[in-house]
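Raw model-v3.cif, mmCIF, C-alpha atoms:
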```cif
data_entry
#
loop_
_atom_site.group_PDB
_atom_site.id
_atom_site.type_symbol
_atom_site.label_atom_id
_atom_site.label_comp_id
_atom_site.auth_asym_id
_atom_site.auth_seq_id
_atom_site.Cartn_x
_atom_site.Cartn_y
_atom_site.Cartn_z
ATOM 1 C CA MET A 222 30.129 76.002 123.321
ATOM 2 C CA THR A 223 31.793 72.764 122.329
ATOM 3 C CA HIS A 224 33.310 70.383 124.848
ATOM 4 C CA ARG A 225 37.103 70.746 124.892
ATOM 5 C CA ARG A 226 40.056 70.761 127.232
ATOM 6 C CA ASP A 227 41.629 73.881 128.661
ATOM 7 C CA VAL A 228 44.474 74.650 131.058
ATOM 8 C CA GLY A 229 44.920 75.613 134.680
ATOM 9 C CA ILE A 230 47.602 76.058 137.301
ATOM 10 C CA VAL A 231 47.882 73.004 139.549
ATOM 11 C CA LEU A 232 49.817 72.490 142.779
ATOM 12 C CA THR A 233 51.097 68.922 142.589
ATOM 13 C CA GLY A 234 53.097 69.050 145.832
ATOM 14 C CA VAL A 235 55.080 71.342 148.125
ATOM 15 C CA ARG A 236 56.881 73.931 145.961
ATOM 16 C CA THR A 237 55.764 72.073 142.838
ATOM 17 C CA ILE A 238 53.395 73.736 140.402
ATOM 18 C CA GLU A 239 52.423 72.979 136.806
ATOM 19 C CA LEU A 240 50.248 74.267 133.994
ATOM 20 C CA GLN A 241 48.010 71.310 133.164
ATOM 21 C CA SER A 242 45.184 70.483 130.794
ATOM 22 C CA MET A 243 41.738 70.719 132.370
ATOM 23 C CA ASP A 244 38.246 69.707 131.345
ATOM 24 C CA ARG A 245 35.494 72.304 130.984
ATOM 25 C CA GLY A 246 32.880 69.866 132.218
ATOM 26 C CA ALA A 247 29.557 68.997 130.632
ATOM 27 C CA ALA A 248 28.977 70.561 127.239
ATOM 28 C CA ARG A 249 25.523 71.839 128.188
ATOM 29 C CA LEU A 250 25.276 74.608 130.757
ATOM 30 C CA GLN A 251 22.900 74.449 133.672
ATOM 31 C CA ALA A 252 20.047 76.945 133.362
ATOM 32 C CA ASN A 253 21.679 79.347 135.857
ATOM 33 C CA GLU A 254 25.292 79.033 134.670
ATOM 34 C CA ILE A 255 27.574 81.295 132.675
ATOM 35 C CA ILE A 256 30.896 80.371 131.072
ATOM 36 C CA GLY A 257 33.704 82.271 129.398
ATOM 37 C CA GLU A 258 37.383 82.634 128.645
ATOM 38 C CA THR A 259 39.484 83.978 131.522
ATOM 39 C CA LEU A 260 41.203 87.301 130.956
ATOM 40 C CA PHE A 261 43.047 87.779 134.269
ATOM 41 C CA THR A 262 43.434 86.063 137.619
ATOM 42 C CA LEU A 263 45.176 87.500 140.680
ATOM 43 C CA ILE A 264 47.608 85.682 142.945
ATOM 44 C CA SER A 265 46.753 85.950 146.631
ATOM 45 C CA THR A 266 50.333 86.046 147.835
ATOM 46 C CA GLY A 267 49.452 85.198 151.446
ATOM 47 C CA THR A 268 47.141 82.237 150.981
ATOM 48 C CA GLU A 269 48.704 80.865 147.828
ATOM 49 C CA LEU A 270 52.256 81.153 149.124
ATOM 50 C CA ALA A 271 51.170 79.278 152.254
ATOM 51 C CA LEU A 272 49.717 76.556 150.022
ATOM 52 C CA TYR A 273 52.857 76.481 147.888
ATOM 53 C CA LEU A 274 55.084 76.131 150.959
ATOM 54 C CA GLY A 275 52.877 73.501 152.559
ATOM 55 C CA ARG A 276 51.793 75.695 155.481
ATOM 56 C CA ALA A 277 48.073 75.398 154.745
ATOM 57 C CA ASP A 278 45.618 72.635 153.919
ATOM 58 C CA PHE A 279 46.438 71.427 150.449
ATOM 59 C CA THR A 280 44.354 72.712 147.534
ATOM 60 C CA SER A 281 45.382 71.467 144.111
ATOM 61 C CA ILE A 282 43.956 74.347 142.056
ATOM 62 C CA PRO A 283 44.775 77.697 143.695
ATOM 63 C CA GLY A 284 43.304 81.111 143.044
ATOM 64 C CA TYR A 285 40.094 82.926 143.899
ATOM 65 C CA ALA A 286 39.991 86.135 141.847
ATOM 66 C CA ALA A 287 39.163 86.092 138.127
ATOM 67 C CA VAL A 288 37.762 88.268 135.363
ATOM 68 C CA PHE A 289 36.400 86.599 132.253
ATOM 69 C CA ARG A 290 34.527 87.415 129.063
ATOM 70 C CA VAL A 291 31.155 85.695 128.995
ATOM 71 C CA GLN A 292 30.730 83.424 125.983
ATOM 72 C CA GLU A 293 27.561 81.546 126.791
ATOM 73 C CA VAL A 294 24.748 81.793 129.320
ATOM 74 C CA GLY A 295 22.177 79.325 130.616
ATOM 75 C CA SER A 296 18.532 79.557 129.645
ATOM 76 C CA GLU A 297 17.442 81.276 132.880
ATOM 77 C CA VAL A 298 20.318 83.766 133.198
ATOM 78 C CA GLN A 299 19.133 87.385 133.303
ATOM 79 C CA ALA A 300 22.094 89.510 134.382
ATOM 80 C CA PHE A 301 24.662 88.492 131.739
ATOM 81 C CA LYS A 302 24.894 88.118 127.987
ATOM 82 C CA PRO A 303 27.688 86.937 125.682
ATOM 83 C CA GLY A 304 30.440 89.543 125.451
ATOM 84 C CA ASP A 305 29.990 90.889 128.980
ATOM 85 C CA LEU A 306 32.985 91.154 131.300
ATOM 86 C CA ALA A 307 32.396 89.429 134.614
ATOM 87 C CA PHE A 308 34.187 89.014 137.940
ATOM 88 C CA CYS A 309 34.071 85.802 139.957
ATOM 89 C CA MET A 310 36.009 84.156 142.778
ATOM 90 C CA GLY A 311 37.423 81.622 140.351
ATOM 91 C CA PRO A 312 40.734 79.757 140.210
ATOM 92 C CA HIS A 313 43.791 80.142 137.995
ATOM 93 C CA ARG A 314 42.454 78.489 134.876
ATOM 94 C CA SER A 315 41.700 79.520 131.317
ATOM 95 C CA VAL A 316 37.921 79.113 131.605
ATOM 96 C CA GLN A 317 35.514 80.225 134.327
ATOM 97 C CA ARG A 318 32.176 78.495 134.777
ATOM 98 C CA VAL A 319 29.935 79.701 137.612
ATOM 99 C CA SER A 320 26.316 80.230 138.506
ATOM 100 C CA GLU A 321 24.869 83.642 137.743
ATOM 101 C CA LYS A 322 24.726 84.604 141.422
ATOM 102 C CA GLU A 323 28.448 83.861 141.818
ATOM 103 C CA ALA A 324 29.495 86.512 139.281
ATOM 104 C CA LEU A 325 29.348 90.294 139.012
ATOM 105 C CA LEU A 326 29.212 92.496 135.933
ATOM 106 C CA LEU A 327 32.206 94.815 135.607
ATOM 107 C CA PRO A 328 31.372 98.534 135.701
ATOM 108 C CA GLY A 329 31.954 100.323 132.404
ATOM 109 C CA GLY A 330 35.494 101.514 131.847
ATOM 110 C CA LEU A 331 37.085 99.325 134.520
ATOM 111 C CA SER A 332 40.199 97.505 133.340
ATOM 112 C CA PRO A 333 39.881 93.704 133.699
ATOM 113 C CA ALA A 334 43.399 93.593 135.158
ATOM 114 C CA ALA A 335 42.455 96.122 137.835
ATOM 115 C CA ALA A 336 39.074 94.513 138.512
ATOM 116 C CA VAL A 337 40.599 91.350 140.015
ATOM 117 C CA PHE A 338 41.798 93.480 142.954
ATOM 118 C CA ALA A 339 38.206 93.714 144.165
ATOM 119 C CA ARG A 340 38.807 90.301 145.691
ATOM 120 C CA MET A 341 41.675 91.549 147.853
ATOM 121 C CA MET A 342 39.712 94.647 148.849
ATOM 122 C CA ASN A 343 36.974 92.344 150.061
ATOM 123 C CA VAL A 344 39.284 90.800 152.677
ATOM 124 C CA SER A 345 39.173 93.913 154.863
ATOM 125 C CA MET A 346 35.747 95.097 153.691
ATOM 126 C CA SER A 347 34.189 92.563 156.053
ATOM 127 C CA THR A 348 35.865 94.455 158.900
ATOM 128 C CA LEU A 349 34.690 97.748 157.417
ATOM 129 C CA SER A 350 31.157 96.305 157.417
ATOM 130 C CA THR A 351 31.232 95.056 161.013
ATOM 131 C CA THR A 352 33.425 97.446 163.027
ATOM 132 C CA LYS A 353 31.971 99.729 165.676
ATOM 133 C CA ALA A 354 34.481 102.435 164.721
ATOM 134 C CA ARG A 355 33.046 105.308 162.706
ATOM 135 C CA PRO A 356 34.700 108.043 160.641
ATOM 136 C CA PRO A 357 36.641 110.147 161.391
ATOM 137 C CA GLN A 358 37.989 107.963 164.218
ATOM 138 C CA ARG A 359 41.586 106.759 164.140
ATOM 139 C CA VAL A 360 42.386 103.441 162.451
ATOM 140 C CA MET A 361 45.783 101.749 162.414
ATOM 141 C CA VAL A 362 46.674 99.249 159.691
ATOM 142 C CA SER A 363 49.597 96.942 160.446
ATOM 143 C CA GLY A 364 51.273 95.271 157.474
ATOM 144 C CA LEU A 365 51.277 96.848 154.018
ATOM 145 C CA GLY A 366 51.267 93.865 151.735
ATOM 146 C CA LEU A 367 48.453 93.804 149.210
ATOM 147 C CA VAL A 368 45.713 93.167 151.792
ATOM 148 C CA GLY A 369 47.051 95.884 154.091
ATOM 149 C CA ASN A 370 47.475 98.375 151.254
ATOM 150 C CA MET A 371 43.883 97.782 150.189
ATOM 151 C CA ALA A 372 42.711 98.123 153.803
ATOM 152 C CA ALA A 373 44.549 101.428 154.258
ATOM 153 C CA GLN A 374 43.028 102.771 151.053
ATOM 154 C CA LEU A 375 39.527 101.571 151.952
ATOM 155 C CA PHE A 376 39.488 103.078 155.425
ATOM 156 C CA ALA A 377 41.091 106.334 154.269
ATOM 157 C CA ALA A 378 38.571 106.624 151.433
ATOM 158 C CA SER A 379 35.780 106.018 153.959
ATOM 159 C CA GLY A 380 36.794 109.029 156.004
ATOM 160 C CA TYR A 381 38.807 107.446 158.819
ATOM 161 C CA SER A 382 42.079 108.939 160.044
ATOM 162 C CA VAL A 383 44.497 106.190 159.000
ATOM 163 C CA THR A 384 47.979 105.384 160.258
ATOM 164 C CA ALA A 385 49.645 102.452 158.483
ATOM 165 C CA TYR A 386 53.006 100.841 159.080
ATOM 166 C CA ASP A 387 55.325 98.175 157.722
ATOM 167 C CA PRO A 388 59.052 97.626 158.344
ATOM 168 C CA VAL A 389 59.672 96.814 154.651
ATOM 169 C CA VAL A 390 60.732 99.906 152.678
ATOM 170 C CA TRP A 391 59.277 98.995 149.283
ATOM 171 C CA LYS A 392 55.876 98.214 150.808
ATOM 172 C CA ARG A 393 55.831 101.615 152.506
ATOM 173 C CA GLU A 394 56.796 103.251 149.229
ATOM 174 C CA ALA A 395 53.898 101.501 147.486
ATOM 175 C CA ALA A 396 51.543 102.913 150.116
ATOM 176 C CA ALA A 397 52.947 106.429 150.119
ATOM 177 C CA GLY A 398 50.420 107.827 147.660
ATOM 178 C CA ILE A 399 47.251 106.549 149.307
ATOM 179 C CA ALA A 400 44.331 108.844 148.656
ATOM 180 C CA GLY A 401 42.804 110.261 151.813
ATOM 181 C CA GLY A 402 46.145 111.115 153.379
ATOM 182 C CA ALA A 403 47.051 107.999 155.368
ATOM 183 C CA TYR A 404 50.172 108.451 157.495
ATOM 184 C CA VAL A 405 52.708 105.722 156.654
ATOM 185 C CA SER A 406 55.589 104.723 158.938
ATOM 186 C CA SER A 407 58.028 101.882 159.553
ATOM 187 C CA LEU A 408 56.945 101.086 163.128
ATOM 188 C CA PRO A 409 53.797 101.459 165.228
ATOM 189 C CA PRO A 410 53.818 104.577 167.428
ATOM 190 C CA VAL A 411 53.709 102.557 170.674
ATOM 191 C CA ASP A 412 56.130 104.911 172.428
ATOM 192 C CA ASP A 413 54.240 108.067 171.519
ATOM 193 C CA PRO A 414 52.049 109.026 174.493
ATOM 194 C CA ALA A 415 50.093 111.412 172.275
ATOM 195 C CA LEU A 416 48.903 108.497 170.112
ATOM 196 C CA ARG A 417 48.840 105.512 172.436
ATOM 197 C CA GLY A 418 45.267 104.699 173.356
ATOM 198 C CA THR A 419 43.783 106.969 170.663
ATOM 199 C CA PHE A 420 42.873 104.387 168.023
ATOM 200 C CA ALA A 421 39.342 103.019 167.739
ATOM 201 C CA LEU A 422 40.389 100.155 165.488
ATOM 202 C CA VAL A 423 43.522 98.251 164.522
ATOM 203 C CA VAL A 424 43.282 96.296 161.257
ATOM 204 C CA GLU A 425 46.075 93.739 161.662
ATOM 205 C CA CYS A 426 47.082 92.491 158.202
ATOM 206 C CA SER A 427 50.519 90.951 158.797
ATOM 207 C CA GLY A 428 49.612 87.793 160.717
ATOM 208 C CA HIS A 429 52.446 88.592 163.138
ATOM 209 C CA GLU A 430 51.986 88.171 166.905
ATOM 210 C CA GLN A 431 53.950 91.316 167.715
ATOM 211 C CA ALA A 432 51.591 93.378 165.599
ATOM 212 C CA VAL A 433 48.639 92.055 167.614
ATOM 213 C CA LEU A 434 50.430 92.958 170.849
ATOM 214 C CA ASP A 435 51.314 96.421 169.577
ATOM 215 C CA GLY A 436 47.772 96.951 168.331
ATOM 216 C CA SER A 437 46.420 96.043 171.743
ATOM 217 C CA ARG A 438 48.599 98.809 173.211
ATOM 218 C CA MET A 439 47.349 101.389 170.713
ATOM 219 C CA VAL A 440 43.566 101.119 170.992
ATOM 220 C CA GLY A 441 41.525 103.033 173.498
ATOM 221 C CA LYS A 442 38.944 101.573 175.873
ATOM 222 C CA ASN A 443 36.739 99.039 174.039
ATOM 223 C CA GLY A 444 38.811 99.557 170.897
ATOM 224 C CA GLU A 445 38.926 96.705 168.393
ATOM 225 C CA VAL A 446 41.975 94.750 167.254
ATOM 226 C CA VAL A 447 40.834 92.761 164.240
ATOM 227 C CA MET A 448 43.057 89.949 162.968
ATOM 228 C CA VAL A 449 42.711 90.163 159.181
ATOM 229 C CA GLY A 450 46.123 88.647 158.444
ATOM 230 C CA VAL A 451 46.307 84.880 158.873
ATOM 231 C CA PRO A 452 48.758 83.739 161.594
ATOM 232 C CA TRP A 453 50.253 81.009 159.392
ATOM 233 C CA ARG A 454 53.128 80.262 161.747
ATOM 234 C CA ARG A 455 54.699 81.267 165.043
ATOM 235 C CA GLN A 456 57.057 84.221 164.577
ATOM 236 C CA THR A 457 57.939 85.350 168.121
ATOM 237 C CA GLU A 458 58.681 83.999 171.589
ATOM 238 C CA ALA A 459 55.917 86.112 173.127
ATOM 239 C CA TYR A 460 53.768 84.566 175.831
ATOM 240 C CA ALA A 461 49.979 84.534 175.718
ATOM 241 C CA HIS A 462 49.958 86.199 179.159
ATOM 242 C CA GLU A 463 51.336 89.418 177.704
ATOM 243 C CA LEU A 464 48.396 89.620 175.300
ATOM 244 C CA LEU A 465 45.866 88.593 177.940
ATOM 245 C CA HIS A 466 47.178 91.310 180.256
ATOM 246 C CA LEU A 467 46.701 93.956 177.572
ATOM 247 C CA VAL A 468 43.251 92.697 176.571
ATOM 248 C CA PHE A 469 42.061 92.641 180.187
ATOM 249 C CA HIS A 470 43.499 95.945 181.404
ATOM 250 C CA ASN A 471 42.939 97.944 178.204
ATOM 251 C CA TYR A 472 39.401 96.608 177.618
ATOM 252 C CA VAL A 473 40.521 95.431 174.169
ATOM 253 C CA VAL A 474 38.043 93.769 171.833
ATOM 254 C CA LEU A 475 40.264 91.215 170.071
ATOM 255 C CA ARG A 476 38.557 89.287 167.289
ATOM 256 C CA SER A 477 38.990 87.490 164.016
ATOM 257 C CA GLY A 478 38.891 89.497 160.822
ATOM 258 C CA TRP A 479 38.375 86.481 158.595
ATOM 259 C CA GLU A 480 36.219 87.803 155.779
ATOM 260 C CA TRP A 481 33.797 84.870 155.921
ATOM 261 C CA ASP A 482 32.363 86.275 159.134
ATOM 262 C CA ILE A 483 29.602 87.682 156.931
ATOM 263 C CA PRO A 484 27.461 85.651 154.488
ATOM 264 C CA LEU A 485 28.111 85.365 150.766
ATOM 265 C CA HIS A 486 24.829 87.083 149.992
ATOM 266 C CA ALA A 487 23.230 89.675 152.243
ATOM 267 C CA ALA A 488 20.006 88.563 153.915
ATOM 268 C CA SER A 489 18.547 92.049 153.470
ATOM 269 C CA ALA A 490 19.442 95.471 152.112
ATOM 270 C CA SER A 491 20.481 96.599 155.594
ATOM 271 C CA GLU A 492 22.880 93.711 156.245
ATOM 272 C CA PRO A 493 26.391 93.017 154.908
ATOM 273 C CA GLY A 494 27.330 90.353 152.393
ATOM 274 C CA ILE A 495 30.462 89.285 150.541
ATOM 275 C CA PHE A 496 28.974 89.931 147.110
ATOM 276 C CA THR A 497 27.581 93.296 148.207
ATOM 277 C CA ASN A 498 31.108 94.247 149.223
ATOM 278 C CA LEU A 499 32.630 92.874 146.026
ATOM 279 C CA ALA A 500 30.182 94.925 143.949
ATOM 280 C CA GLY A 501 31.145 97.993 145.966
ATOM 281 C CA ALA A 502 34.833 97.241 145.520
ATOM 282 C CA LEU A 503 34.409 97.077 141.732
ATOM 283 C CA GLN A 504 32.687 100.470 141.781
ATOM 284 C CA TRP A 505 35.420 101.997 143.935
ATOM 285 C CA LEU A 506 38.052 100.725 141.517
ATOM 286 C CA ALA A 507 36.081 102.044 138.544
ATOM 287 C CA THR A 508 35.735 105.523 140.043
ATOM 288 C CA GLY A 509 39.325 105.699 141.304
ATOM 289 C CA LYS A 510 38.343 105.785 144.963
ATOM 290 C CA VAL A 511 40.819 102.928 145.371
ATOM 291 C CA ASN A 512 43.833 102.973 143.065
ATOM 292 C CA VAL A 513 45.932 99.961 142.071
ATOM 293 C CA ASP A 514 48.015 101.647 139.358
ATOM 294 C CA GLY A 515 51.666 100.706 139.775
ATOM 295 C CA LEU A 516 50.943 98.090 142.435
ATOM 296 C CA TYR A 517 51.038 94.999 140.252
ATOM 297 C CA GLU A 518 52.904 93.127 137.565
ATOM 298 C CA ILE A 519 51.330 91.114 134.742
ATOM 299 C CA VAL A 520 52.825 87.668 134.135
ATOM 300 C CA SER A 521 52.123 84.671 131.938
ATOM 301 C CA PRO A 522 50.583 81.518 133.407
ATOM 302 C CA LYS A 523 53.371 79.690 131.583
ATOM 303 C CA GLN A 524 55.754 81.280 134.102
ATOM 304 C CA ALA A 525 53.781 80.089 137.135
ATOM 305 C CA ALA A 526 56.509 77.856 138.570
ATOM 306 C CA ALA A 527 59.074 80.655 138.462
ATOM 307 C CA VAL A 528 56.577 83.228 139.783
ATOM 308 C CA TYR A 529 55.698 81.208 142.886
ATOM 309 C CA GLU A 530 59.324 80.333 143.546
ATOM 310 C CA ASP A 531 60.284 84.013 143.344
ATOM 311 C CA LEU A 532 57.545 84.782 145.882
ATOM 312 C CA ALA A 533 58.794 82.021 148.163
ATOM 313 C CA GLU A 534 62.339 83.394 148.015
ATOM 314 C CA GLN A 535 61.144 87.018 148.366
ATOM 315 C CA ARG A 536 62.705 87.985 145.075
ATOM 316 C CA ASN A 537 59.607 89.803 143.785
ATOM 317 C CA HIS A 538 58.811 93.303 145.035
ATOM 318 C CA SER A 539 55.388 93.740 143.426
ATOM 319 C CA LEU A 540 52.410 93.854 145.766
ATOM 320 C CA GLY A 541 50.241 92.124 143.185
ATOM 321 C CA LEU A 542 50.800 89.578 140.428
ATOM 322 C CA ALA A 543 48.124 89.037 137.807
ATOM 323 C CA PHE A 544 48.134 86.177 135.315
ATOM 324 C CA ASP A 545 47.227 87.260 131.773
ATOM 325 C CA TRP A 546 45.514 84.254 130.196
ATOM 326 C CA SER A 547 45.872 85.617 126.669
ATOM 327 C CA LEU A 548 49.575 84.709 127.031
ATOM 328 C CA VAL A 549 48.906 80.966 127.274
#
```

What does this structure look like when you write it as structure tokens?
Amino acid sequence: MTHRRDVGIVLTGVRTIELQSMDRGAARLQANEIIGETLFTLISTGTELALYLGRADFTSIPGYAAVFRVQEVGSEVQAFKPGDLAFCMGPHRSVQRVSEKEALLLPGGLSPAAAVFARMMNVSMSTLSTTKARPPQRVMVSGLGLVGNMAAQLFAASGYSVTAYDPVVWKREAAAGIAGGAYVSSLPPVDDPALRGTFALVVECSGHEQAVLDGSRMVGKNGEVVMVGVPWRRQTEAYAHELLHLVFHNYVVLRSGWEWDIPLHAASASEPGIFTNLAGALQWLATGKVNVDGLYEIVSPKQAAAVYEDLAEQRNHSLGLAFDWSLV
């Protein structure tokens, strides 16, 4: 592959984003590298919006979910050949270049546009890998953005009894058809004595303090409240004492659900790993166990500035936005 310049989406400041030329790097691949033209990348609306609005540590090149067509492989690469479709945790740019162990082959028949959603499934798959709760125990998912929708689908498909809620109508509508029969509502059932204390696990995907408090009211003794959603900013006037009281008296196990709790690569076949989960997510998408049809919109990278601004102003009602790099 010849050395040439390509393009990528670059954050140049708060609420300022551009499509800029980028360099592919050295012309010769390392022995373990693969390289190819990007087909689709997926916007992580939580993390990337926080970056765009200046709420998170600045990263100039956003994005961490990409599917590309392999064009060239290094001399020691075994798992890929030119023409293969591959998934990686790559940024929003027209070319992906990664080591062999940082990519996964797409299962046959899986749409490249759908495959990028494996990355968002992975966010809650770390909780699925580490929770003490076992099917068919009750699981509550709070927040039905893309991460929450994927979590509700994953836990329902795994045999848990899932209750999911979100106050936003269009997010509930997007979750209404979840396979496995998840119950979807606008509010948590904190005032229902028949349900309070019956959940083994709360997967908190909104990043909202009130959802953590409500989740701590809903779990039974030694139940887990796992904070999957990032608490980017303070959203209530609640005091820490209220949460501490619930944790102490309800025997709540409150913990982080940050996906990086488990290693990138599993140490053994019996232990969890990010790439093990990503491979599983791709298979679940391919077999229809998790369905993303109708959940996303395809946009051009040329429209990036308008896309992020629409997200910031809450003008877009699609759970997912995928950049189609053939439109550049």

When the PyMOL selection byres ((chain A and resi 378) around 7) is applied to the structure above, which residues does it catch, written out as a list in words?
Gln374, Leu375, Phe376, Ala377, Ser379, Gly380, Ala400, Gly401 and Lys510 of chain A

Please write as JSON, numbers by chain the full residue list that the PyMOL selection byres ((chain A and resi 478-483) around 12) yields on this file.
{"A": [340, 341, 342, 343, 344, 345, 346, 347, 348, 349, 350, 351, 352, 368, 372, 422, 423, 424, 425, 426, 427, 428, 445, 446, 447, 448, 449, 450, 451, 452, 474, 475, 476, 477, 484, 485, 486, 487, 488, 492, 493, 494, 495, 496, 497, 498, 499]}

Kindly assemble as a tab-separated table a list of the stretch 447-534 of chain A residues that lie within 12 Å of stretch 256-264 of chain A, each paired with its nearest atom pair and their distance in Å to one decimal, using only C-alpha atoms, sorted first by chain and then by ascending residue number.
```
residue	atom	partner	partner_atom	distance
A:Tyr517	CA	A:Leu263	CA	9.5
A:Glu518	CA	A:Leu263	CA	10.1
A:Ile519	CA	A:Phe261	CA	8.9
A:Val520	CA	A:Phe261	CA	9.8
A:Ser521	CA	A:Phe261	CA	9.9
A:Pro522	CA	A:Thr262	CA	9.5
A:Ala525	CA	A:Ile264	CA	10.2
A:Val528	CA	A:Ile264	CA	9.8
A:Tyr529	CA	A:Ile264	CA	9.2
A:Leu532	CA	A:Ile264	CA	10.4
```

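With distances restricted to only C-alpha atoms, A:Leu325 is the closest residue to A:Cys309 from A:Gly402, A:Leu325, A:Thr384, A:Gln241.
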
Of the candidates A:Leu467, A:Val298, A:Val316, A:Ala277, which shows the shortest atom-to-atom distance to A:Gly229, using all atoms listed in the file?
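Smallest distance to A:Gly229 is found for A:Val316.
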
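Going from atom CA of A:Asp305 to atom CA of A:Leu331 covers 12.3 Å.
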
Can you give me, as a list in words, the residues this file yields under the PyMOL selection byres ((chain A and resi 468) around 10)?
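Listing what the PyMOL selection byres ((chain A and resi 468) around 10) selects in the shown file: Leu434, Ser437, Arg438, Lys442, Asn443, Gly444, Val446, His462, Glu463, Leu464, Leu465, His466, Leu467, Phe469, His470, Asn471, Tyr472, Val473, Val474 and Leu475 of chain A.
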
For atom CA of A:Gln535 and atom CA of A:Arg314, the interatomic separation in Å (one decimal)
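Those two atoms sit 24.6 Å apart.
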
I'd like to know which of A:Val319, A:Ala397, A:Gln504, A:Phe544 is closest to A:Gly284, using all atoms listed in the file.
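Answer, going by the shortest atom-to-atom distance: A:Phe544.
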
Separation of atom CA of A:Val360 and atom CA of A:Ala339, in Å?
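Between these atoms lies a distance of 21.1 Å.
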
Identify, on the basis of all atoms listed in the file, every residue whose closest approach to A:Arg318 does not exceed 12 Å; exclude the query and any residue fewer than 2 positions from it along the same chain; express the result as a PDB file with C-alpha atoms, in the coordinates of the input.
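Result saved to out11.pdb:
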```pdb
ATOM      1  CA  MET A 222      30.129  76.002 123.321  1.00  0.00           C
ATOM      2  CA  ASP A 244      38.246  69.707 131.345  1.00  0.00           C
ATOM      3  CA  ARG A 245      35.494  72.304 130.984  1.00  0.00           C
ATOM      4  CA  GLY A 246      32.880  69.866 132.218  1.00  0.00           C
ATOM      5  CA  ALA A 247      29.557  68.997 130.632  1.00  0.00           C
ATOM      6  CA  ALA A 248      28.977  70.561 127.239  1.00  0.00           C
ATOM      7  CA  ARG A 249      25.523  71.839 128.188  1.00  0.00           C
ATOM      8  CA  LEU A 250      25.276  74.608 130.757  1.00  0.00           C
ATOM      9  CA  GLN A 251      22.900  74.449 133.672  1.00  0.00           C
ATOM     10  CA  ASN A 253      21.679  79.347 135.857  1.00  0.00           C
ATOM     11  CA  GLU A 254      25.292  79.033 134.670  1.00  0.00           C
ATOM     12  CA  ILE A 255      27.574  81.295 132.675  1.00  0.00           C
ATOM     13  CA  ILE A 256      30.896  80.371 131.072  1.00  0.00           C
ATOM     14  CA  GLY A 257      33.704  82.271 129.398  1.00  0.00           C
ATOM     15  CA  GLU A 258      37.383  82.634 128.645  1.00  0.00           C
ATOM     16  CA  THR A 259      39.484  83.978 131.522  1.00  0.00           C
ATOM     17  CA  ALA A 287      39.163  86.092 138.127  1.00  0.00           C
ATOM     18  CA  VAL A 288      37.762  88.268 135.363  1.00  0.00           C
ATOM     19  CA  PHE A 289      36.400  86.599 132.253  1.00  0.00           C
ATOM     20  CA  ARG A 290      34.527  87.415 129.063  1.00  0.00           C
ATOM     21  CA  VAL A 291      31.155  85.695 128.995  1.00  0.00           C
ATOM     22  CA  GLN A 292      30.730  83.424 125.983  1.00  0.00           C
ATOM     23  CA  GLU A 293      27.561  81.546 126.791  1.00  0.00           C
ATOM     24  CA  VAL A 294      24.748  81.793 129.320  1.00  0.00           C
ATOM     25  CA  GLY A 295      22.177  79.325 130.616  1.00  0.00           C
ATOM     26  CA  ALA A 307      32.396  89.429 134.614  1.00  0.00           C
ATOM     27  CA  PHE A 308      34.187  89.014 137.940  1.00  0.00           C
ATOM     28  CA  CYS A 309      34.071  85.802 139.957  1.00  0.00           C
ATOM     29  CA  MET A 310      36.009  84.156 142.778  1.00  0.00           C
ATOM     30  CA  GLY A 311      37.423  81.622 140.351  1.00  0.00           C
ATOM     31  CA  PRO A 312      40.734  79.757 140.210  1.00  0.00           C
ATOM     32  CA  ARG A 314      42.454  78.489 134.876  1.00  0.00           C
ATOM     33  CA  SER A 315      41.700  79.520 131.317  1.00  0.00           C
ATOM     34  CA  VAL A 316      37.921  79.113 131.605  1.00  0.00           C
ATOM     35  CA  SER A 320      26.316  80.230 138.506  1.00  0.00           C
ATOM     36  CA  GLU A 321      24.869  83.642 137.743  1.00  0.00           C
ATOM     37  CA  LYS A 322      24.726  84.604 141.422  1.00  0.00           C
ATOM     38  CA  GLU A 323      28.448  83.861 141.818  1.00  0.00           C
ATOM     39  CA  ALA A 324      29.495  86.512 139.281  1.00  0.00           C
TER      40      ALA A 324
END
```

Identify which of the residues A:Val390, A:Val511, A:Ala300, A:Ala395 lies closest to A:Ser539, counting only C-alpha atoms when measuring atom-to-atom distances.
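The closest residue to A:Ser539 is A:Ala395.
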
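Non-sequential neighbours of A:Arg276 (distance at most 12 Å, separation of 6 or more positions within a chain, all atoms listed in the file) are A:Gly234, A:Val235, A:Arg236, A:Gly267, A:Thr268, A:Glu269, A:Leu270, A:Val451, A:Pro452, A:Trp453, A:Arg454, A:Arg455, A:Ala533.
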
Write the residues you've just listed into a file as an mmCIF file, in the frame of the given file, and include C-alpha atoms for each of them.
```cif
data_model
loop_
_atom_site.group_PDB
_atom_site.id
_atom_site.type_symbol
_atom_site.label_atom_id
_atom_site.label_comp_id
_atom_site.auth_asym_id
_atom_site.auth_seq_id
_atom_site.Cartn_x
_atom_site.Cartn_y
_atom_site.Cartn_z
ATOM 1 C CA GLY A 234 53.097 69.050 145.832
ATOM 2 C CA VAL A 235 55.080 71.342 148.125
ATOM 3 C CA ARG A 236 56.881 73.931 145.961
ATOM 4 C CA GLY A 267 49.452 85.198 151.446
ATOM 5 C CA THR A 268 47.141 82.237 150.981
ATOM 6 C CA GLU A 269 48.704 80.865 147.828
ATOM 7 C CA LEU A 270 52.256 81.153 149.124
ATOM 8 C CA VAL A 451 46.307 84.880 158.873
ATOM 9 C CA PRO A 452 48.758 83.739 161.594
ATOM 10 C CA TRP A 453 50.253 81.009 159.392
ATOM 11 C CA ARG A 454 53.128 80.262 161.747
ATOM 12 C CA ARG A 455 54.699 81.267 165.043
ATOM 13 C CA ALA A 533 58.794 82.021 148.163
#
```
